[in-house]
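All remarks here apply to the structure that follows.
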There are 2 protein chains.
Amino acid sequence: MKRPLSFAIEHELSDSLARAGKIATPHGTIKTPAFIAVATKATAKGLQSTQLKDLGVQSVIGNAYHLYLTPGEKVVEAAGGIGKFMAWDAPTMTDSGGFQVFSLGEGLGKKVSKISPEEIQHDEEVVMIYSEEVATEHGKLAIVDDEGVTFTSHHDGSLHRFTPERSIEIQHALGADIIFAFDECTSPSADHAYQKEAMDRTHRWAKRSLAAHRNNIEKNAAQGIYGIVQGGRYEDLRIESSRTLANMDFDGYGIGGSFSKRDILGVLDKINRELPKEKPRHLLGIGEPEDIFVGVEAGIDTFDCVLPTRNGRNGTIYTARGKMSIERAEYIRDPLPIDTECGCMVCKTHSCSYIHHLFRSKEMLGLVLASMHNMYFLANLTERIRLSVIGGSFQTFKESFLATYRR
Amino acid sequence: MKRPLSFAIEHELSDSLARAGKIATPHGTIKTPAFIAVATKATAKGLQSTQLKDLGVQSVIGNAYHLYLTPGEKVVEAAGGIGKFMAWDAPTMTDSGGFQVFSLGEGLGKKVSKISPEEIQHDEEVVMIYSEEVATEHGKLAIVDDEGVTFTSHHDGSLHRFTPERSIEIQHALGADIIFAFDECTSPSADHAYQKEAMDRTHRWAKRSLAAHRNNIEKNAAQGIYGIVQGGRYEDLRIESSRTLANMDFDGYGIGGSFSKRDILGVLDKINRELPKEKPRHLLGIGEPEDIFVGVEAGIDTFDCVLPTRNGRNGTIYTARGKMSIERAEYIRDPLPIDTECGCMVCKTHSCSYIHHLFRSKEMLGLVLASMHNMYFLANLTERIRLSVIGGSFQTFKESFLATYRR
């Protein structure tokens, strides 16, 4: 039977794992490397689907946990799936909800997040994570057993249960082109013994997720499924996880959890050498400019990250010279656009002075404009990286970009 | 010297004061009757200038009080005026700030608003007012003397002073095509004696505002000025105010304060019979669908009202069948657009189900989409009214619209 997803590598580099390709899905093609816009609740915070298209975004990723709670997967299914529901006629993904189930609760008494709060305090270079704020807002229950996870809703404290089969069922209803296996996410500070135990469980869940998908003839023909590599910060576990999942018949792979930036290059590289070369690889929840270069070089094809919109809402804006804070007093009369080198609609239309005023006045439009620019910035950067891979100038482009981009 | 504004009546009806015309300004023409989008702080809450254009909005109105406080009129002036500041290359207006100065404080110990809170409680038909929420949030000082008003900022309680000359100076810096004289706004519950006293003062201030404008050769050539009719709910005062201002050399007239809907028709009609027919008339702060019909019939040319965006942010949406609340449970699976008869981008793209979900999930995009639709609804309604005036079918259109529009 023909699979709903196919991945073609157009060009690969010899001095790194970087490659450019095309992921064909039932709703169109994603040219890789690509930045996937996060649309957790079927909306990329403040941005319309038509605007996302105009900003160069090719695909969005929703979340099974959030859409299960609101509006409920049956509502999205009745609308024709997440794409039709949000008026996005291009490729879609949904994450399995594993990360959210754990990060919104407390797994075995330990608060779960991609990075432990202590590490953030001691290491400025650490990768910022997307559920950190949620993790600290809620301190509810998430009890894992071998069958699945019982957890409380972050909305109302009501009790729910996810198993691999249930997550896949929800993702079938949501109908995204690419869905993810249900995984256990651990705290990065968990010890080796617990990471190993959780990883082994994630592998058993991966097998069950895959079976639940392949056994549904209709959905299996319409949606592709990615497995998720886990193993925390332990290289041996990451490699073991990659090897184990590589032997399962997934259509692609997600790399879950995250690491400090010090670790990311070495581990990503090793993970991807274990994964089948002919399948696409998605780095979950990481995608600031410098991370994208590192990821592409290590063989990552797609990225998602909430930071373009989250930073936008905080007035933190990506530019060719690094991140800037538009609320700073220096911008009050600045007639220039945010980024003079940027071709986005915001930079072609609005001055720093105006956007500064919107933020100072707490006007919603400021959040929207900053989010639009940031989304364009990352989509455009990834597109330029793609072209540099195809053109063989990746290293030159990376060096010239990072020479002026102040972290 | 040629005046910067000119008004041409294209068509007028014989059975009412309704008319269609064109107000030519230095930044383009406003075809009337027209709905002017409120952009208090140089932004129509959540909507980009390019979107306003696409929604059929011809002109925006900013506020001297708010822009004086943030970012300061000098910042807007440095950007090239309010139009350039907000990237709006079409006609602009600024209100003088009189209403805000009073409504954000307490004038002579009395809370000032267009409608007294008591009246709102007892009369559901009363016109909703645009500074009511601000009036109740703040209870600060506004002391009026014959020279001007001393008031506290609603931001930080700091002390400020507006005089007619200062308001005009600020509006010169803001650079709108149409500016307004500085007026004293009273509580609708004020007695006849106080309304008379305040009205006489407003007339003296109108004269001073006009002189301050005409004496500035450069600004007088670039901006037009409207006087503001006051007099509260007293018909004799409203007529006296109209006659007095009609004799002053304004380029147009605003009608300030407001009334219960019971009063509006009779008074507006009488006011406009006193005002010079050849000059445009703007009804300040009123513009729900049923009000626009009443206003046009009584000879009003332009309207502004915050309700399209304010209602939009509350999930209250205008449709051909009246206002609806998108958060109601009945919309959770509704695949239809908000208004099946509407041609706006929101209705062409999104379902009730999706917008309902955005509101239930407190997603910013819901506010934006509802505001967009509402803005289009009023701009489009006013455009259709204009065409009905030109085509001689105003009464028929009014009757058919109001027959299905549930208030």
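Chains: A, B, ... in order of the structure tokens. Residues: from 1 per chain. Ligands: from 1, in order shown.
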
>> For the strand (DSSP E) assignment from backbone DSSP, which residues of region 117-259 of chain B qualify? Please present them as a PyMOL selection string.
In response: chain B and resi 140-144+149-152+159-162+178-180+224-229+252-255

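Residue list for chain B within 7 Å of chain A: B:Lys45, B:Gly46, B:Leu47, B:Pro71, B:Val75, B:Ala79, B:Phe85, B:Met86, B:Ala87, B:Arg333, B:Pro335, B:Thr349, B:His350, B:Tyr354, B:His357, B:Glu363, B:Met364, B:Leu365, counting only C-alpha atoms.
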
> So which residues of region 146-292 of chain A fall under alpha helix (DSSP H) by DSSP, listed as a PyMOL selection string?
Replying inline: chain A and resi 164-174+192-214+217-222+235-246+261-274+289-292

> Interatomic distance between CA of Cys342 (chain A) and CA of Leu387 (chain A)?
Replying inline: 17.1 Å
